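Participant: What follows is target.txt; its format and atoms are compact mmCIF, C-alpha atoms (C1' of nucleotides).
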# COMPACT_ATOMS: atom_id res chain seq x y z
CA MET O 31 6.77 -25.17 10.65
CA PRO O 32 5.53 -22.75 8.03
CA ALA O 33 8.01 -20.05 8.87
CA THR O 34 10.91 -22.35 8.15
CA LYS O 35 9.37 -23.60 4.95
CA GLN O 36 8.75 -20.08 3.81
CA ARG O 37 12.25 -18.98 4.50
CA SER O 38 13.84 -21.92 2.84
CA THR O 39 11.80 -21.48 -0.33
CA ARG O 40 12.52 -17.80 -0.42
CA GLU O 41 16.20 -18.38 0.19
CA ALA O 42 16.35 -21.03 -2.50
CA ILE O 43 14.80 -18.55 -4.92
CA LEU O 44 17.27 -15.85 -3.98
CA ASP O 45 20.19 -18.23 -4.21
CA ARG O 46 19.27 -18.87 -7.80
CA ALA O 47 18.41 -15.23 -8.39
CA VAL O 48 21.89 -13.96 -7.58
CA ASP O 49 23.38 -16.45 -10.02
CA VAL O 50 21.03 -15.40 -12.80
CA ALA O 51 21.47 -11.71 -12.05
CA SER O 52 25.25 -11.96 -12.19
CA GLU O 53 24.93 -13.20 -15.77
CA GLU O 54 21.84 -11.42 -17.06
CA GLY O 55 21.65 -8.40 -14.80
CA LEU O 56 18.92 -7.41 -12.37
CA GLU O 57 16.66 -6.36 -15.21
CA GLY O 58 17.29 -9.50 -17.19
CA LEU O 59 16.35 -11.41 -14.07
CA THR O 60 12.73 -12.04 -15.07
CA ILE O 61 10.10 -13.50 -12.83
CA GLY O 62 8.90 -15.93 -15.47
CA ARG O 63 12.32 -17.35 -16.11
CA LEU O 64 13.17 -17.58 -12.44
CA ALA O 65 9.87 -19.32 -11.75
CA SER O 66 10.41 -21.93 -14.43
CA GLU O 67 13.94 -22.59 -13.18
CA MET O 68 12.54 -23.11 -9.70
CA ASP O 69 9.66 -25.24 -11.00
CA MET O 70 7.17 -22.79 -9.60
CA SER O 71 4.40 -20.72 -11.04
CA LYS O 72 5.08 -17.06 -11.71
CA SER O 73 2.46 -15.98 -9.22
CA GLY O 74 3.68 -18.33 -6.54
CA LEU O 75 7.17 -16.93 -6.78
CA PHE O 76 5.91 -13.39 -7.15
CA GLY O 77 4.01 -13.68 -3.88
CA HIS O 78 7.27 -13.91 -1.97
CA PHE O 79 8.28 -10.43 -3.03
CA GLY O 80 5.27 -8.43 -4.13
CA SER O 81 7.04 -6.54 -6.88
CA LYS O 82 9.97 -6.91 -9.19
CA GLN O 83 11.80 -4.14 -7.39
CA GLU O 84 11.48 -5.97 -4.10
CA LEU O 85 12.89 -9.06 -5.77
CA GLN O 86 15.82 -7.01 -7.03
CA LEU O 87 16.47 -5.54 -3.60
CA ALA O 88 16.27 -8.96 -1.96
CA THR O 89 18.66 -10.32 -4.58
CA ILE O 90 21.14 -7.56 -3.80
CA GLU O 91 20.97 -8.40 -0.13
CA ALA O 92 21.48 -12.10 -0.80
CA ALA O 93 24.48 -11.33 -3.00
CA SER O 94 25.85 -9.16 -0.24
CA HIS O 95 25.66 -12.08 2.18
CA ARG O 96 27.40 -14.40 -0.22
CA PHE O 97 30.14 -11.84 -0.80
CA ALA O 98 30.63 -11.39 2.92
CA ASP O 99 30.80 -15.15 3.44
CA GLU O 100 33.35 -15.63 0.70
CA VAL O 101 35.58 -12.61 1.12
CA ILE O 102 35.23 -11.03 4.52
CA ALA O 103 34.31 -13.85 6.92
CA PRO O 104 37.39 -16.02 6.18
CA VAL O 105 39.73 -13.28 7.42
CA GLY O 106 37.54 -12.20 10.32
CA ASP O 107 39.69 -13.84 12.97
CA GLN O 108 42.77 -11.85 12.08
CA GLU O 109 43.32 -8.46 13.64
CA ALA O 110 43.08 -5.30 11.57
CA GLY O 111 46.22 -4.17 9.81
CA ALA O 112 48.54 -4.76 6.90
CA GLU O 113 48.38 -8.51 7.08
CA ARG O 114 44.60 -8.65 7.06
CA LEU O 115 44.46 -6.11 4.22
CA ARG O 116 46.64 -8.41 2.18
CA ALA O 117 44.41 -11.35 3.05
CA LEU O 118 41.32 -9.36 2.11
CA CYS O 119 42.81 -8.54 -1.29
CA ASP O 120 43.68 -12.16 -1.89
CA ARG O 121 40.15 -13.23 -1.02
CA TYR O 122 38.81 -10.42 -3.22
CA VAL O 123 40.71 -11.50 -6.30
CA GLY O 124 40.14 -15.15 -5.46
CA TYR O 125 36.42 -14.60 -5.29
CA MET O 126 36.51 -13.40 -8.88
CA GLU O 127 38.81 -16.17 -10.01
CA ARG O 128 36.70 -18.90 -8.43
CA GLN O 129 33.56 -17.37 -9.96
CA VAL O 130 31.59 -17.31 -6.75
CA PHE O 131 28.94 -15.80 -9.01
CA PRO O 132 28.77 -17.54 -12.37
CA GLY O 133 28.75 -14.27 -14.29
CA GLY O 134 31.79 -12.94 -12.47
CA CYS O 135 31.68 -10.19 -9.89
CA PHE O 136 28.03 -9.53 -9.11
CA TRP O 137 28.78 -5.93 -8.19
CA ALA O 138 30.58 -5.16 -11.41
CA SER O 139 27.55 -6.33 -13.37
CA VAL O 140 24.85 -4.54 -11.46
CA THR O 141 26.86 -1.36 -10.94
CA ALA O 142 27.28 -0.86 -14.67
CA GLU O 143 23.63 -1.70 -15.17
CA PHE O 144 22.16 0.69 -12.63
CA ASP O 145 24.62 3.54 -12.30
CA SER O 146 22.54 5.64 -14.68
CA ARG O 147 19.19 4.72 -13.15
CA PRO O 148 18.39 6.61 -9.97
CA GLY O 149 16.15 4.83 -7.49
CA PRO O 150 16.15 2.46 -4.56
CA VAL O 151 17.93 -0.31 -6.45
CA ARG O 152 20.81 1.89 -7.43
CA ASP O 153 20.99 3.24 -3.88
CA ALA O 154 21.15 -0.26 -2.44
CA ILE O 155 23.96 -1.22 -4.80
CA GLY O 156 25.83 1.98 -4.00
CA GLU O 157 25.59 1.31 -0.28
CA ARG O 158 27.11 -2.14 -0.54
CA VAL O 159 29.91 -1.21 -2.91
CA SER O 160 30.74 1.89 -0.97
CA ALA O 161 30.83 -0.10 2.28
CA TRP O 162 33.32 -2.48 0.70
CA VAL O 163 35.63 0.24 -0.58
CA GLU O 164 35.44 1.95 2.78
CA ALA O 165 36.32 -1.33 4.46
CA LEU O 166 39.47 -1.50 2.33
CA GLU O 167 40.22 2.09 3.22
CA ALA O 168 39.71 1.51 6.94
CA GLU O 169 41.96 -1.49 6.79
CA ALA O 170 44.66 0.54 5.06
CA ALA O 171 44.30 3.23 7.70
CA ALA O 172 44.60 0.65 10.48
CA ALA O 173 47.77 -0.59 8.84
CA GLY O 174 49.19 2.91 9.08
CA PHE O 175 49.49 3.41 5.33
CA ASP O 176 49.35 6.97 4.12
CA ASP O 177 46.54 8.05 1.79
CA PRO O 178 44.31 5.06 2.50
CA ALA O 179 41.62 6.41 0.16
CA GLN O 180 44.04 6.41 -2.75
CA LEU O 181 45.20 2.92 -1.91
CA ALA O 182 41.66 1.60 -1.56
CA PHE O 183 40.73 3.12 -4.91
CA GLU O 184 43.64 1.47 -6.65
CA LEU O 185 43.06 -1.91 -5.07
CA TYR O 186 39.42 -1.77 -6.06
CA SER O 187 40.31 -0.67 -9.59
CA VAL O 188 42.83 -3.42 -10.19
CA ALA O 189 40.47 -6.12 -8.99
CA GLN O 190 37.67 -4.77 -11.16
CA GLY O 191 40.03 -4.63 -14.10
CA ALA O 192 40.96 -8.27 -13.61
CA ASN O 193 37.31 -9.29 -13.44
CA SER O 194 36.54 -7.37 -16.60
CA ALA O 195 39.49 -8.81 -18.53
CA PHE O 196 38.64 -12.33 -17.43
CA GLN O 197 34.95 -12.12 -18.17
CA LEU O 198 35.32 -10.47 -21.55
CA PHE O 199 38.44 -12.13 -22.90
CA GLY O 200 38.74 -15.20 -20.73
CA ASP O 201 42.18 -13.80 -19.94
CA HIS O 202 43.16 -15.75 -16.85
CA ASP O 203 46.54 -14.02 -16.70
CA ALA O 204 44.69 -10.92 -15.58
CA PHE O 205 44.56 -12.37 -12.07
CA GLY O 206 48.31 -12.71 -12.06
CA ARG O 207 48.64 -9.13 -13.16
CA ALA O 208 46.21 -8.06 -10.46
CA HIS O 209 48.25 -9.84 -7.81
CA ALA O 210 51.44 -8.26 -9.11
CA ALA O 211 49.87 -4.83 -8.98
CA ILE O 212 48.52 -5.41 -5.48
CA ASP O 213 51.91 -6.64 -4.29
CA ARG O 214 53.53 -3.47 -5.48
CA LEU O 215 50.84 -1.22 -4.08
CA LEU O 216 51.08 -2.78 -0.65
CA ALA O 217 54.88 -2.83 -0.65
CA ARG O 218 55.04 0.82 -1.56
CA ALA O 219 52.49 1.89 1.02
CA GLY O 220 54.10 -0.01 3.88
CA MET T 36 19.49 12.59 -52.89
CA PRO T 37 18.43 9.34 -51.28
CA ALA T 38 21.86 7.92 -50.58
CA THR T 39 22.91 11.01 -48.69
CA LYS T 40 19.58 11.27 -46.99
CA GLN T 41 19.76 7.65 -46.00
CA ARG T 42 23.18 7.98 -44.50
CA SER T 43 22.41 11.11 -42.60
CA THR T 44 19.24 9.62 -41.15
CA ARG T 45 21.04 6.45 -40.23
CA GLU T 46 23.88 8.35 -38.66
CA ALA T 47 21.50 10.54 -36.72
CA ILE T 48 19.81 7.43 -35.39
CA LEU T 49 23.12 5.89 -34.38
CA ASP T 50 24.28 9.09 -32.77
CA ARG T 51 21.28 8.94 -30.51
CA ALA T 52 21.58 5.18 -30.10
CA VAL T 53 25.04 5.33 -28.55
CA ASP T 54 23.83 7.88 -26.02
CA VAL T 55 20.85 5.75 -25.05
CA ALA T 56 22.91 2.56 -24.95
CA SER T 57 25.51 4.12 -22.66
CA GLU T 58 22.75 4.73 -20.12
CA GLU T 59 20.35 1.84 -20.66
CA GLY T 60 22.61 -0.76 -22.24
CA LEU T 61 22.38 -2.36 -25.65
CA GLU T 62 19.43 -4.47 -24.57
CA GLY T 63 17.62 -1.55 -22.98
CA LEU T 64 18.11 0.26 -26.28
CA THR T 65 14.67 -0.54 -27.70
CA ILE T 66 13.52 0.16 -31.21
CA GLY T 67 10.24 1.69 -30.11
CA ARG T 68 11.85 4.14 -27.74
CA LEU T 69 14.55 5.09 -30.20
CA ALA T 70 11.96 5.65 -32.91
CA SER T 71 9.84 7.94 -30.78
CA GLU T 72 12.91 9.93 -29.76
CA MET T 73 13.78 10.35 -33.43
CA ASP T 74 10.16 11.18 -34.34
CA MET T 75 10.01 8.19 -36.61
CA SER T 76 7.87 5.11 -36.85
CA LYS T 77 9.23 1.88 -35.48
CA SER T 78 9.10 0.24 -38.89
CA GLY T 79 10.79 3.18 -40.58
CA LEU T 80 13.69 3.04 -38.18
CA PHE T 81 13.74 -0.72 -38.20
CA GLY T 82 14.19 -0.76 -41.96
CA HIS T 83 17.62 0.82 -41.61
CA PHE T 84 18.95 -2.18 -39.74
CA GLY T 85 16.77 -5.21 -40.35
CA SER T 86 17.17 -6.68 -36.90
CA LYS T 87 17.86 -5.59 -33.38
CA GLN T 88 21.21 -7.32 -33.43
CA GLU T 89 22.27 -5.33 -36.49
CA LEU T 90 21.24 -2.16 -34.69
CA GLN T 91 23.36 -3.19 -31.72
CA LEU T 92 26.36 -3.93 -33.92
CA ALA T 93 25.98 -0.63 -35.76
CA THR T 94 25.71 1.16 -32.44
CA ILE T 95 28.94 -0.44 -31.27
CA GLU T 96 30.67 0.72 -34.43
CA ALA T 97 29.35 4.25 -34.03
CA ALA T 98 30.53 4.32 -30.43
CA SER T 99 33.89 3.11 -31.59
CA HIS T 100 34.15 6.04 -33.98
CA ARG T 101 33.21 8.53 -31.33
CA PHE T 102 35.76 7.04 -28.97
CA ALA T 103 38.46 7.25 -31.61
CA ASP T 104 37.55 10.86 -32.37
CA GLU T 105 37.64 11.88 -28.74
CA VAL T 106 40.59 9.90 -27.42
CA ILE T 107 42.87 8.73 -30.20
CA ALA T 108 42.59 11.30 -32.97
CA PRO T 109 43.65 14.32 -30.86
CA VAL T 110 47.03 12.74 -30.16
CA GLY T 111 47.49 11.32 -33.64
CA ASP T 112 50.01 13.92 -34.71
CA GLN T 113 52.48 13.04 -31.96
CA GLU T 114 54.99 10.28 -32.48
CA ALA T 115 54.72 7.02 -30.60
CA GLY T 116 56.41 6.88 -27.23
CA ALA T 117 56.19 7.88 -23.61
CA GLU T 118 54.87 11.34 -24.28
CA ARG T 119 52.04 10.13 -26.47
CA LEU T 120 51.17 7.38 -23.98
CA ARG T 121 50.79 10.06 -21.33
CA ALA T 122 48.61 12.09 -23.69
CA LEU T 123 46.50 9.03 -24.49
CA CYS T 124 45.91 8.40 -20.80
CA ASP T 125 44.92 12.00 -20.24
CA ARG T 126 42.45 11.84 -23.11
CA TYR T 127 41.19 8.50 -21.80
CA VAL T 128 40.42 9.82 -18.34
CA GLY T 129 39.21 13.11 -19.78
CA TYR T 130 36.77 11.29 -22.01
CA MET T 131 35.16 9.78 -18.94
CA GLU T 132 35.22 13.02 -17.02
CA ARG T 133 33.64 15.02 -19.84
CA GLN T 134 31.00 12.31 -20.25
CA VAL T 135 31.43 11.94 -23.96
CA PHE T 136 28.72 9.34 -23.53
CA PRO T 137 26.02 10.50 -21.14
CA GLY T 138 26.03 7.22 -19.21
CA GLY T 139 29.79 7.27 -18.74
CA CYS T 140 32.19 4.99 -20.55
CA PHE T 141 30.19 3.18 -23.23
CA TRP T 142 32.54 0.22 -23.10
CA ALA T 143 32.26 -0.23 -19.37
CA SER T 144 28.48 -0.45 -19.69
CA VAL T 145 28.25 -2.85 -22.60
CA THR T 146 31.14 -5.03 -21.46
CA ALA T 147 29.44 -5.77 -18.16
CA GLU T 148 26.17 -6.34 -19.98
CA PHE T 149 27.42 -8.78 -22.59
CA ASP T 150 30.42 -10.52 -21.09
CA SER T 151 28.25 -13.49 -20.12
CA ARG T 152 26.35 -13.66 -23.42
CA PRO T 153 28.29 -15.32 -26.23
CA GLY T 154 27.48 -14.15 -29.73
CA PRO T 155 28.36 -11.59 -32.38
CA VAL T 156 27.59 -8.62 -30.15
CA ARG T 157 29.90 -9.77 -27.41
CA ASP T 158 32.57 -10.53 -30.01
CA ALA T 159 32.30 -7.06 -31.49
CA ILE T 160 32.64 -5.46 -28.07
CA GLY T 161 35.60 -7.67 -27.24
CA GLU T 162 37.36 -6.70 -30.44
CA ARG T 163 37.12 -2.99 -29.78
CA VAL T 164 38.09 -3.15 -26.14
CA SER T 165 40.93 -5.51 -26.84
CA ALA T 166 42.17 -3.25 -29.63
CA TRP T 167 42.24 -0.35 -27.21
CA VAL T 168 44.14 -2.20 -24.50
CA GLU T 169 46.57 -3.46 -27.11
CA ALA T 170 47.04 0.08 -28.33
CA LEU T 171 48.04 1.11 -24.84
CA GLU T 172 50.38 -1.86 -24.67
CA ALA T 173 51.95 -1.06 -28.04
CA GLU T 174 52.47 2.51 -26.95
CA ALA T 175 54.14 1.36 -23.76
CA ALA T 176 56.36 -0.93 -25.79
CA ALA T 177 57.29 1.89 -28.14
CA ALA T 178 58.23 3.97 -25.12
CA GLY T 179 60.64 1.25 -24.08
CA PHE T 180 58.86 0.46 -20.82
CA ASP T 181 59.31 -3.03 -19.50
CA ASP T 182 56.28 -5.30 -19.13
CA PRO T 183 54.01 -3.25 -21.36
CA ALA T 184 51.15 -5.72 -20.88
CA GLN T 185 51.22 -5.21 -17.14
CA LEU T 186 51.34 -1.45 -17.55
CA ALA T 187 48.47 -1.44 -20.05
CA PHE T 188 46.39 -3.59 -17.71
CA GLU T 189 46.92 -1.24 -14.80
CA LEU T 190 46.23 1.89 -16.83
CA TYR T 191 43.03 0.35 -18.12
CA SER T 192 42.02 -0.76 -14.64
CA VAL T 193 42.56 2.60 -13.02
CA ALA T 194 40.57 4.41 -15.68
CA GLN T 195 37.73 1.93 -15.40
CA GLY T 196 37.81 2.29 -11.64
CA ALA T 197 37.47 6.05 -11.92
CA ASN T 198 34.56 5.72 -14.31
CA SER T 199 32.82 3.30 -12.00
CA ALA T 200 33.35 5.43 -8.90
CA PHE T 201 32.14 8.54 -10.69
CA GLN T 202 29.08 6.95 -12.22
CA LEU T 203 27.96 5.15 -9.10
CA PHE T 204 28.87 7.64 -6.38
CA GLY T 205 29.30 10.85 -8.33
CA ASP T 206 32.75 10.85 -6.78
CA HIS T 207 34.58 13.38 -8.93
CA ASP T 208 37.74 12.97 -6.87
CA ALA T 209 38.13 9.58 -8.49
CA PHE T 210 39.57 11.30 -11.56
CA GLY T 211 42.20 12.94 -9.43
CA ARG T 212 43.06 9.60 -7.92
CA ALA T 213 43.22 8.07 -11.38
CA HIS T 214 45.64 10.75 -12.52
CA ALA T 215 47.78 10.26 -9.46
CA ALA T 216 47.91 6.52 -10.06
CA ILE T 217 48.76 7.03 -13.74
CA ASP T 218 51.50 9.50 -12.87
CA ARG T 219 53.12 6.99 -10.58
CA LEU T 220 52.75 4.11 -13.02
CA LEU T 221 54.38 6.06 -15.83
CA ALA T 222 57.11 7.44 -13.61
CA ARG T 223 58.03 4.01 -12.34
CA ALA T 224 58.04 2.41 -15.78
CA GLY T 225 60.13 5.19 -17.33
C1' DA P 211 -15.59 -29.16 13.77
C1' DT P 212 -14.32 -24.72 12.28
C1' DA P 213 -12.08 -20.63 11.34
C1' DG P 214 -8.03 -18.55 9.60
C1' DC P 215 -3.36 -18.29 7.91
C1' DG P 216 0.46 -19.02 4.62
C1' DT P 217 1.67 -20.91 0.30
C1' DA P 218 0.98 -22.00 -4.14
C1' DC P 219 -1.66 -22.52 -8.42
C1' DG P 220 -3.72 -21.31 -13.33
C1' DA P 221 -5.68 -17.75 -15.99
C1' DA P 222 -5.95 -13.40 -17.52
C1' DC P 223 -4.95 -8.34 -17.46
C1' DG P 224 -2.69 -4.45 -20.27
C1' DT P 225 1.76 -3.17 -22.07
C1' DT P 226 5.89 -3.48 -24.67
C1' DC P 227 8.99 -6.10 -27.15
C1' DG P 228 11.01 -7.43 -32.06
C1' DT P 229 9.46 -8.29 -36.49
C1' DG P 230 6.90 -8.52 -40.71
C1' DC P 231 3.42 -6.79 -44.61
C1' DG P 232 1.28 -3.50 -47.72
C1' DG P 233 0.89 1.09 -49.20
C1' DT P 234 2.57 5.96 -50.51
C1' DA P 235 5.27 9.86 -51.74
C1' DT P 236 9.47 11.29 -53.51
C1' DA P 237 13.40 11.03 -56.51
C1' DC P 238 16.35 9.06 -59.93
C1' DT P 239 16.68 6.52 -64.58
C1' DG P 240 15.34 4.92 -69.13
C1' DC C 119 6.77 10.56 -69.56
C1' DA C 120 6.71 5.75 -67.67
C1' DG C 121 9.21 2.85 -64.47
C1' DT C 122 11.87 1.57 -60.67
C1' DA C 123 14.07 2.23 -56.26
C1' DT C 124 14.17 4.41 -51.81
C1' DA C 125 12.47 5.95 -47.38
C1' DC C 126 9.06 6.15 -44.68
C1' DC C 127 4.40 5.15 -42.79
C1' DG C 128 0.31 2.61 -40.44
C1' DC C 129 -1.02 -1.62 -38.90
C1' DA C 130 -0.81 -6.11 -37.06
C1' DC C 131 1.35 -10.41 -35.35
C1' DG C 132 3.02 -13.51 -31.50
C1' DA C 133 5.69 -13.63 -27.48
C1' DA C 134 7.16 -12.09 -23.09
C1' DC C 135 6.88 -8.80 -19.57
C1' DG C 136 5.08 -7.45 -14.50
C1' DT C 137 0.99 -7.74 -12.11
C1' DT C 138 -3.59 -9.04 -10.25
C1' DC C 139 -7.19 -12.00 -9.86
C1' DG C 140 -9.98 -16.12 -7.71
C1' DT C 141 -9.12 -20.56 -5.93
C1' DA C 142 -7.33 -24.60 -3.33
C1' DC C 143 -4.37 -27.02 -0.47
C1' DG C 144 -2.18 -28.05 4.28
C1' DC C 145 -1.42 -26.23 8.82
C1' DT C 146 -2.48 -24.55 13.55
C1' DA C 147 -5.53 -22.82 17.04
C1' DT C 148 -9.75 -22.32 18.81
Let's see the structure in the file written out as C-alpha cells.
Facilitator:
Amino acid sequence: MPATKQRSTREAILDRAVDVASEEGLEGLTIGRLASEMDMSKSGLFGHFGSKQELQLATIEAASHRFADEVIAPVGDQEAGAERLRALCDRYVGYMERQVFPGGCFWASVTAEFDSRPGPVRDAIGERVSAWVEALEAEAAAAGFDDPAQLAFELYSVAQGANSAFQLFGDHDAFGRAHAAIDRLLARAG
Amino acid sequence: MPATKQRSTREAILDRAVDVASEEGLEGLTIGRLASEMDMSKSGLFGHFGSKQELQLATIEAASHRFADEVIAPVGDQEAGAERLRALCDRYVGYMERQVFPGGCFWASVTAEFDSRPGPVRDAIGERVSAWVEALEAEAAAAGFDDPAQLAFELYSVAQGANSAFQLFGDHDAFGRAHAAIDRLLARAG
DNA sequence: ATAGCGTACGAACGTTCGTGCGGTATACTG
DNA sequence: CAGTATACCGCACGAACGTTCGTACGCTAT
C-alpha cells in the first residue's frame, strides 16, 4: 500500500517539522537537520515537498491541524455562545501552558518571523491566524456581547502576552494573569 | 581622529543593523548583507565586533537606546504617577504605530526568535524586556493602583497584540482598539 | 517476464554563511 | 622623521544551505 506508506512518512516528517519550527522558526527549519532527525537523506526528504517553501507551507498546515485538534475540537460539541467562548479561551491558554508545541505558540513564532516578508508563506500564516481571531469574534457575537471585534482582540492579546512572558521569562504566573484578565473581560461583556 | 571615526562608523552600522534585525531577525541579520548595505567589506565591518554574537548584542543595545529615546525620554520630565503611566502607554503604542523600527516592534521580533534559544543573546533580550515591563509596573505602583503586576502585564499584552495585528494584517484599527483597552484598564485601576 | 511507478539513496552543484590572515593607507606619538 | 596604532581592504577557508542529478530498491499491473 504505497499511498499509505507515503502519507505516513510525510506525516511523520511534518509532525517533527512543526516541533522544530516552533523552536527555530520556519527558516531555521532546515532540510538537512530535519532529514538527520528523521534518519533520512536530505534528498529523500526533499522529494516529499519539492522545495523548501512547500515544506514550510505543509508545516503550517500541519500546525493548523494540531491547533484545531487541541483547542477547537474539544469544545466542538457545545453550542455557540458565552459558555463555549469561555471554553475556547481556556483551551487557548491551556494549549500554551501545556506546550502543545515545544517552542510555545507556533503562531506567535512564525508570525513574528514572517510578518515583514511578503509571499505565500506569510499569506498562509495570516489566513490561519485571522481565521482564529475571527472565530473568537464570531463566538462573542453569538454570545450577544457588544463590540465582539474589540473583545476578540483583547482575548487574543492577553493570550499572546502570556505565551511571550512564559517563553521568555519562564514566568508561569503569566497564565494566571491571563485567566484573570479573561475572566474580567468576559464578565464585563456579558 | 580615529576614535571619533571609529565610533561614528560603528554607530552607523548599528543604526542600520537594528532596522534590518527588526525585519529579518537577529539571525537573518547577516554580516555580508550588512556590509554591502554600508558599502564596506565584510572583514572591515566584522572587525568592529569580532563575532556575530557580539554584533547581535551590540544591536540589542542600540535598539534599547532607540526605544528609550522614543518612548521613555519624552515623558522623563513628568513626575511618576498615573499621568505619566498614561503618557508612557501612549508613547508605547505610538512607537509601534510610527514604526520606529521598520519591521515593527524590535522586541516582539527578537523575543519570538530567541525565546527558545538559551544563551547570552536571549539573556540580553530578556533583561531589556523585563526592565520595560517592570518600569510599567513601578509606574502603576507609584500611581497607587492595586495589582500593578497584573496591570503591567495587560498593558504589555495589549500593545503587543496591536503590533502583531498591524504587522501581520496591516490592521491599523488595532491601535484604536489598543487605546480603548488601555483607557479602560487605567480607568478601572484608578 | 517485463514495464513502470513511488520512494529513497549518495554525490555533487553553486551560493552564502561566519571567520580568519596579510597587506595598506592614514593618523597620532615619540 | 621614524614608529606604532587604527581602520579598512582583498582574499580565502570550511561548513551549511537549498537543489538537482543518476541510481537502485520494492511494488503492482500487464
Participant: Would you compute the distance between atom CA of Ala170 of chain O and atom CA of Ala182 of chain O? Give it in Å to one decimal.
Facilitator: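 Between atom CA of Ala170 of chain O and atom CA of Ala182 of chain O the gap is 7.3 Å.
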Participant: With 9 Å as the cut-off and only C-alpha atoms (C1' of nucleotides) counted, what is the closest atom pair between each nearby residue of chain C and chain O? Distances in Å to one decimal, ordered by chain and number, as JSON lines.
Facilitator:
{"residue": "C:DA134", "atom": "C1'", "partner": "O:Gly62", "partner_atom": "CA", "distance": 8.7}
{"residue": "C:DC135", "atom": "C1'", "partner": "O:Thr60", "partner_atom": "CA", "distance": 8.1}
{"residue": "C:DG136", "atom": "C1'", "partner": "O:Lys82", "partner_atom": "CA", "distance": 7.2}
{"residue": "C:DT137", "atom": "C1'", "partner": "O:Ser81", "partner_atom": "CA", "distance": 8.1}
{"residue": "C:DC145", "atom": "C1'", "partner": "O:Pro32", "partner_atom": "CA", "distance": 7.8}
Participant: Pick the closest to Ala224 of chain T from T:Phe180, T:Phe149, T:Phe210, T:Phe141: which is it, counting only C-alpha atoms?
Facilitator: T:Phe180
Participant: Wanna dump the chain P-chain T contacts at 12 Å for me, each residue with its shortest atom pair and the distance in Å to one decimal, counting all atoms listed in the file, ordered by chain and number, as a tab-separated table?
Facilitator:
residue	atom	partner	partner_atom	distance
P:DT226	C1'	T:Gly67	CA	8.7
P:DC227	C1'	T:Thr65	CA	8.0
P:DG228	C1'	T:Lys87	CA	7.2
P:DT229	C1'	T:Ser86	CA	7.9
P:DG230	C1'	T:Ser78	CA	9.2
P:DC231	C1'	T:Ser78	CA	10.7
P:DT236	C1'	T:Pro37	CA	9.4
P:DA237	C1'	T:Met36	CA	7.3
P:DC238	C1'	T:Met36	CA	8.5
Participant: Calculate how many Å separate atom CA of Cys135 of chain O from atom CA of Lys72 of chain O, rounding to one decimal.
Facilitator: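 Taking atom CA of Cys135 of chain O and atom CA of Lys72 of chain O, their separation equals 27.5 Å.
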Participant: So that each row is one residue of chain O with an atom at most 9 Å from chain T, can you give its shortest atom pair and the distance in Å to one decimal, using all atoms listed in the file, rows by chain and rising number, as CSV?
Facilitator:
residue,atom,partner,partner_atom,distance
O:Ser52,CA,T:Ser151,CA,8.6
O:Glu53,CA,T:Ser151,CA,5.5
O:Glu54,CA,T:Glu148,CA,7.3
O:Gly55,CA,T:Glu148,CA,7.2
O:Pro132,CA,T:Ser151,CA,8.8
O:Gly133,CA,T:Ser151,CA,5.9
O:Gly134,CA,T:Ser151,CA,8.4
O:Ala138,CA,T:Ala147,CA,6.9
O:Ser139,CA,T:Ala147,CA,5.2
O:Val140,CA,T:Ala147,CA,8.2
O:Thr141,CA,T:Leu203,CA,6.9
O:Ala142,CA,T:Ser144,CA,5.2
O:Glu143,CA,T:Ser144,CA,6.7
O:Phe144,CA,T:Leu203,CA,8.1
O:Asp145,CA,T:Leu203,CA,4.9
O:Ser146,CA,T:Glu58,CA,5.5
O:Arg147,CA,T:Glu58,CA,7.8
O:Arg152,CA,T:Leu203,CA,8.0
O:Asp153,CA,T:Leu203,CA,8.9
O:Ile155,CA,T:Leu203,CA,8.7
O:Gly156,CA,T:Leu203,CA,6.4
O:Ser160,CA,T:Phe204,CA,8.1
O:Ala179,CA,T:Arg212,CA,8.8
O:Gln180,CA,T:Arg212,CA,6.2
O:Phe183,CA,T:Gly196,CA,7.4
O:Glu184,CA,T:Val193,CA,6.6
O:Tyr186,CA,T:Gly196,CA,7.1
O:Ser187,CA,T:Gly196,CA,4.4
O:Val188,CA,T:Ser192,CA,5.2
O:Ala189,CA,T:Ser192,CA,7.9
O:Gln190,CA,T:Ser192,CA,6.9
O:Gly191,CA,T:Ser192,CA,4.4
O:Ala192,CA,T:Ser192,CA,7.7
O:Ser194,CA,T:Ala147,CA,7.4
O:Ala195,CA,T:Phe188,CA,8.7
O:Gln197,CA,T:Asp150,CA,5.6
O:Leu198,CA,T:Asp150,CA,4.9
O:Phe199,CA,T:Gly161,CA,6.8
O:Ala204,CA,T:Phe188,CA,7.8
O:Arg207,CA,T:Gln185,CA,6.2
O:Ala208,CA,T:Glu189,CA,8.1
O:Ala210,CA,T:Gln185,CA,8.6
O:Ala211,CA,T:Glu189,CA,7.4
Participant: Just want the 10 Å neighbourhood of Ala98 of chain T, counted on all atoms listed in the file, with same-chain residues fewer than 2 positions away dropped. Output as a list in words.
Facilitator: Leu49, Asp50, Ala52, Val53, Asp54, Ala56, Ser57, Leu92, Ala93, Thr94, Ile95, Glu96, His100, Arg101, Phe102, Ala103, Asp104, Phe136, Phe141, Trp142 and Arg163 of chain T
Participant: Figure out the distance between atom CA of Asp177 of chain O and atom CA of Ala112 of chain O, please, to one decimal in Å.
Facilitator: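 Between atom CA of Ala112 of chain O and atom CA of Asp177 of chain O the gap works out to 13.9 Å.
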Participant: Return segment 48-52 of chain O, completed with N, CA and C atoms, as a JSON list (two decimals), in the frame of the given file.
Facilitator:
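Contents of result26.json, as written:
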[["chain", "number", "residue", "atom", "x", "y", "z"],
["O", 48, "VAL", "N", 20.60, -14.65, -7.50],
["O", 48, "VAL", "CA", 21.89, -13.96, -7.58],
["O", 48, "VAL", "C", 22.74, -14.55, -8.71],
["O", 49, "ASP", "N", 22.64, -15.85, -8.92],
["O", 49, "ASP", "CA", 23.38, -16.45, -10.02],
["O", 49, "ASP", "C", 22.90, -15.90, -11.38],
["O", 50, "VAL", "N", 21.58, -15.91, -11.55],
["O", 50, "VAL", "CA", 21.03, -15.40, -12.80],
["O", 50, "VAL", "C", 21.39, -13.93, -13.00],
["O", 51, "ALA", "N", 21.22, -13.15, -11.94],
["O", 51, "ALA", "CA", 21.47, -11.71, -12.05],
["O", 51, "ALA", "C", 22.93, -11.42, -12.37],
["O", 52, "SER", "N", 23.84, -12.23, -11.90],
["O", 52, "SER", "CA", 25.25, -11.96, -12.19],
["O", 52, "SER", "C", 25.55, -12.18, -13.67]]
